[in-house]
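Below you'll find the structure, written out as structure tokens, and then a few comments.
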Amino acid sequence: MAKLTIKDIELKGQRVLVRVDYNVPMEEKDGGMVINDDTRIRATLPTLDYLVEKGAKILLAAHLGRPRGQREASLSLRPVAQQLSDLLGRPVAFVDDCVGDKVDQTAAALKPGDILLLENVRFYAEEEANDPAFAARLAANADVYVNDAFGAAHRAHASTAGVAKVISERGGACAAGLLMERELQFLGDELEAPQRPFVVILGGAKVSDKIAVIDRLLDKADSLLIGGAMAYTFKLAKGLKVGKSLVEPDKVDVAREAMEKAARLGVELLLPSDNTVVTPVVTDKLNKKGKPILAFENPRHNTEPDIPDNEEGVDIGEHTASAYGEKIAQAKTILWNGPMGIFEDPRFAHGTFAVAKAVAHATSQGGAKSIIGGGDSVKALNQSGLGDQVTFMSTGGGASLEFLEGKELPGVAALGDR
Ligand code: AMP
């Protein structure tokens, strides 16, 4: 059902609590915290500009990292207030708490168009517990609730669900921001009745993370192109050897069922026909978890269906990349989630970047609608400078996957219907 958006509701002079996703990567520099990537802050600008223009009094609530209910200086949102102010070209006030007297006083002084960013809501354990009393305190200074934090909408927390309940019980509107509206439109409405051919590209580490998405998309897609480590579980299900590749032997049945379903429904399910393989060698260096780091030696092109016992598949091969590219070129709707290989290592990024290029080309030249389901595929597109050549890149990771599975997200369910 279509959700209320900020375009549907009265905003003038209203005190609007906006849940935003400012969970941005930061690092310590010269004793302070600096923001490495402000994409998530930029993504909220259309909503904030709109609210300012309509004369709302704006309170922003967000989380940063995992402070687990404790104050942690390195996870303060203060640097975000400055960055947001620079991007908006107007002052953004900041209070070092998200509830309480200081917040109440600053909120009471807000004039139409003013913006106040509250401190990290996860400094309170009550946030993740969705504590009703805490939600009521968060809602104390708001007439209206807006959720623009799609990336946090799969969590039923006080600032994503509890606060909406308090405000709607009071008769206040609860609406989607413009970013949330776009996420629901592209990951939801556009994929309900996609223009055909509808080509789905899935990669990444694990079948288990994406099986519910695979199952649901098999009902809609014309072609499903599989890459990443996920492909090896499918290969194992076909009785092929996968050597030392990352694989989930306990998910072989699940992969087999997906292939059977694809055959039954006439969906083309493609697996890589060639791979880049390496010989993993244990080094004397340890990772953060104390496990030995592997060095990937002797990269080579493997065109055999089997991968030898002492080798590991780390990327799709060039024949697969061009076969997938041809499918993508014919598509009218494309959904892509997950890299084709260990693209963090430039030696094994070819398959992922080839797919990124094919998707961008199908969009700009072929008129396809391309929807990127968040996470590493977005990173790969941005790294290759093609981010602006696709139709939509989701800002959600886990939230995008759950939404694509067809699950109702608590932060979406909490919003009013049109
Ligand atoms: P996901 O979060 O499930 O989309 O997985 C992304 C991760 O999958 C990235 O960090 C990739 O390095 C990893 N990945 C992709 N292909 C492979 C592969 N063949 N072997 C191991 N890891 C892979």
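FYI, nothing fancy with the structure tokens labels: chains A, B, ... in order, residues from 1 per chain, ligands from 1 as they appear.
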DSSP on the backbone, then: every residue of stretch 207-398 of chain A marked alpha helix (DSSP H), written as JSON, numbers by chain.
-> {"A": [207, 208, 209, 210, 211, 212, 213, 214, 215, 216, 217, 218, 230, 231, 232, 233, 234, 235, 236, 237, 252, 253, 254, 255, 256, 257, 258, 259, 260, 261, 262, 263, 264, 265, 318, 319, 320, 321, 322, 323, 324, 325, 326, 327, 328, 329, 330, 350, 351, 352, 353, 354, 355, 356, 357, 358, 359, 360, 361, 362, 363, 364, 376, 377, 378, 379, 380, 381, 382, 383, 398]}
Using only C-alpha atoms and all ligand atoms, find each protein or nucleic acid residue lying at most 6 Å from ligand 1; present the set as a PyMOL selection string.
-> chain A and resi 204-206+228-229+246+313-315+338-344+376
For the selection just defined, write its residues with all heavy atoms to a file, as a compact mmCIF listing (two decimals), in the first residue's frame.
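Output below, filename part-v1.txt:
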# COMPACT_ATOMS: atom_id res chain seq x y z
N GLY A 204 28.26 -11.79 -4.52
CA GLY A 204 28.55 -11.66 -3.10
C GLY A 204 28.99 -12.98 -2.51
O GLY A 204 29.27 -13.94 -3.23
N ALA A 205 29.05 -12.99 -1.19
CA ALA A 205 29.72 -14.08 -0.52
C ALA A 205 28.86 -15.34 -0.36
O ALA A 205 29.32 -16.45 -0.60
CB ALA A 205 30.24 -13.61 0.83
N LYS A 206 27.61 -15.13 0.04
CA LYS A 206 26.87 -16.32 0.49
C LYS A 206 25.50 -16.48 -0.14
O LYS A 206 24.74 -15.52 -0.25
CB LYS A 206 26.66 -16.21 2.00
CG LYS A 206 27.93 -16.34 2.79
CD LYS A 206 27.59 -16.22 4.25
CE LYS A 206 28.84 -16.27 5.11
NZ LYS A 206 28.56 -15.74 6.44
N GLY A 228 30.19 -14.18 -8.00
CA GLY A 228 30.68 -14.16 -6.62
C GLY A 228 30.88 -15.57 -6.08
O GLY A 228 30.77 -16.56 -6.80
N ALA A 229 31.17 -15.65 -4.79
CA ALA A 229 31.40 -16.95 -4.16
C ALA A 229 30.11 -17.78 -4.20
O ALA A 229 30.15 -19.02 -4.20
CB ALA A 229 31.87 -16.76 -2.73
N LEU A 246 35.33 -20.36 -1.56
CA LEU A 246 34.37 -20.10 -0.49
C LEU A 246 33.04 -20.71 -0.91
O LEU A 246 32.50 -20.39 -1.97
CB LEU A 246 34.23 -18.59 -0.28
CG LEU A 246 33.28 -18.12 0.82
CD1 LEU A 246 33.75 -18.61 2.18
CD2 LEU A 246 33.20 -16.60 0.83
N GLY A 313 38.40 -20.08 -6.52
CA GLY A 313 37.81 -19.14 -7.48
C GLY A 313 37.61 -17.79 -6.82
O GLY A 313 37.05 -17.71 -5.72
N VAL A 314 38.10 -16.73 -7.48
CA VAL A 314 38.02 -15.40 -6.86
C VAL A 314 37.33 -14.35 -7.74
O VAL A 314 37.09 -13.24 -7.31
CB VAL A 314 39.43 -14.89 -6.47
CG1 VAL A 314 39.97 -15.66 -5.26
CG2 VAL A 314 40.39 -14.97 -7.64
N ASP A 315 37.02 -14.72 -8.99
CA ASP A 315 36.32 -13.78 -9.87
C ASP A 315 35.72 -14.59 -11.02
O ASP A 315 36.18 -15.70 -11.32
CB ASP A 315 37.33 -12.75 -10.44
CG ASP A 315 36.63 -11.54 -11.09
OD1 ASP A 315 35.38 -11.42 -10.97
OD2 ASP A 315 37.34 -10.71 -11.70
N GLY A 338 25.46 -7.39 -5.31
CA GLY A 338 26.60 -8.24 -4.94
C GLY A 338 27.66 -8.33 -6.01
O GLY A 338 27.36 -8.50 -7.19
N PRO A 339 28.95 -8.24 -5.59
CA PRO A 339 30.07 -8.28 -6.55
C PRO A 339 30.29 -9.66 -7.15
O PRO A 339 29.89 -10.67 -6.58
CB PRO A 339 31.27 -7.86 -5.70
CG PRO A 339 30.91 -8.23 -4.31
CD PRO A 339 29.41 -8.10 -4.20
N MET A 340 30.95 -9.68 -8.30
CA MET A 340 31.20 -10.94 -9.03
C MET A 340 32.44 -11.67 -8.52
O MET A 340 32.68 -12.82 -8.89
CB MET A 340 31.39 -10.65 -10.53
CG MET A 340 30.18 -10.03 -11.22
SD MET A 340 28.82 -11.22 -11.39
CE MET A 340 27.75 -10.69 -10.06
N GLY A 341 33.25 -10.96 -7.73
CA GLY A 341 34.48 -11.57 -7.22
C GLY A 341 34.99 -10.76 -6.03
O GLY A 341 34.30 -9.85 -5.55
N ILE A 342 36.21 -11.08 -5.60
CA ILE A 342 36.81 -10.33 -4.48
C ILE A 342 37.33 -9.03 -5.05
O ILE A 342 38.53 -8.84 -5.24
CB ILE A 342 37.93 -11.17 -3.80
CG1 ILE A 342 37.40 -12.56 -3.41
CG2 ILE A 342 38.46 -10.44 -2.57
CD1 ILE A 342 38.41 -13.45 -2.72
N PHE A 343 36.41 -8.10 -5.31
CA PHE A 343 36.74 -6.89 -6.08
C PHE A 343 37.58 -5.91 -5.27
O PHE A 343 38.13 -4.96 -5.84
CB PHE A 343 35.47 -6.22 -6.61
CG PHE A 343 34.75 -5.41 -5.57
CD1 PHE A 343 34.71 -4.03 -5.64
CD2 PHE A 343 34.14 -6.03 -4.51
CE1 PHE A 343 34.06 -3.28 -4.68
CE2 PHE A 343 33.49 -5.29 -3.54
CZ PHE A 343 33.45 -3.92 -3.61
N GLU A 344 37.67 -6.14 -3.95
CA GLU A 344 38.52 -5.26 -3.13
C GLU A 344 39.99 -5.39 -3.56
O GLU A 344 40.78 -4.48 -3.37
CB GLU A 344 38.40 -5.64 -1.65
CG GLU A 344 37.01 -5.44 -1.04
CD GLU A 344 36.11 -6.68 -1.16
OE1 GLU A 344 36.40 -7.55 -2.01
OE2 GLU A 344 35.13 -6.75 -0.42
N ASP A 376 27.95 -3.53 -1.72
CA ASP A 376 29.19 -3.52 -2.48
C ASP A 376 29.01 -3.19 -3.96
O ASP A 376 29.95 -2.72 -4.61
CB ASP A 376 29.88 -4.89 -2.36
CG ASP A 376 30.63 -5.01 -1.04
OD1 ASP A 376 31.04 -3.96 -0.52
OD2 ASP A 376 30.79 -6.13 -0.55
Distance in Å - atom CA of A:Gly317 versus atom CA of A:Lys210 | 22.3 Å
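Atom CA of A:Leu236 is positioned 8.9 Å from atom CA of A:Ala255.
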Those of stretch 266-401 of chain A in DSSP strand (DSSP E), formatted as a PyMOL selection string | chain A and resi 268-270+275-286+292-302+312-316+333-337+369-372+392-393
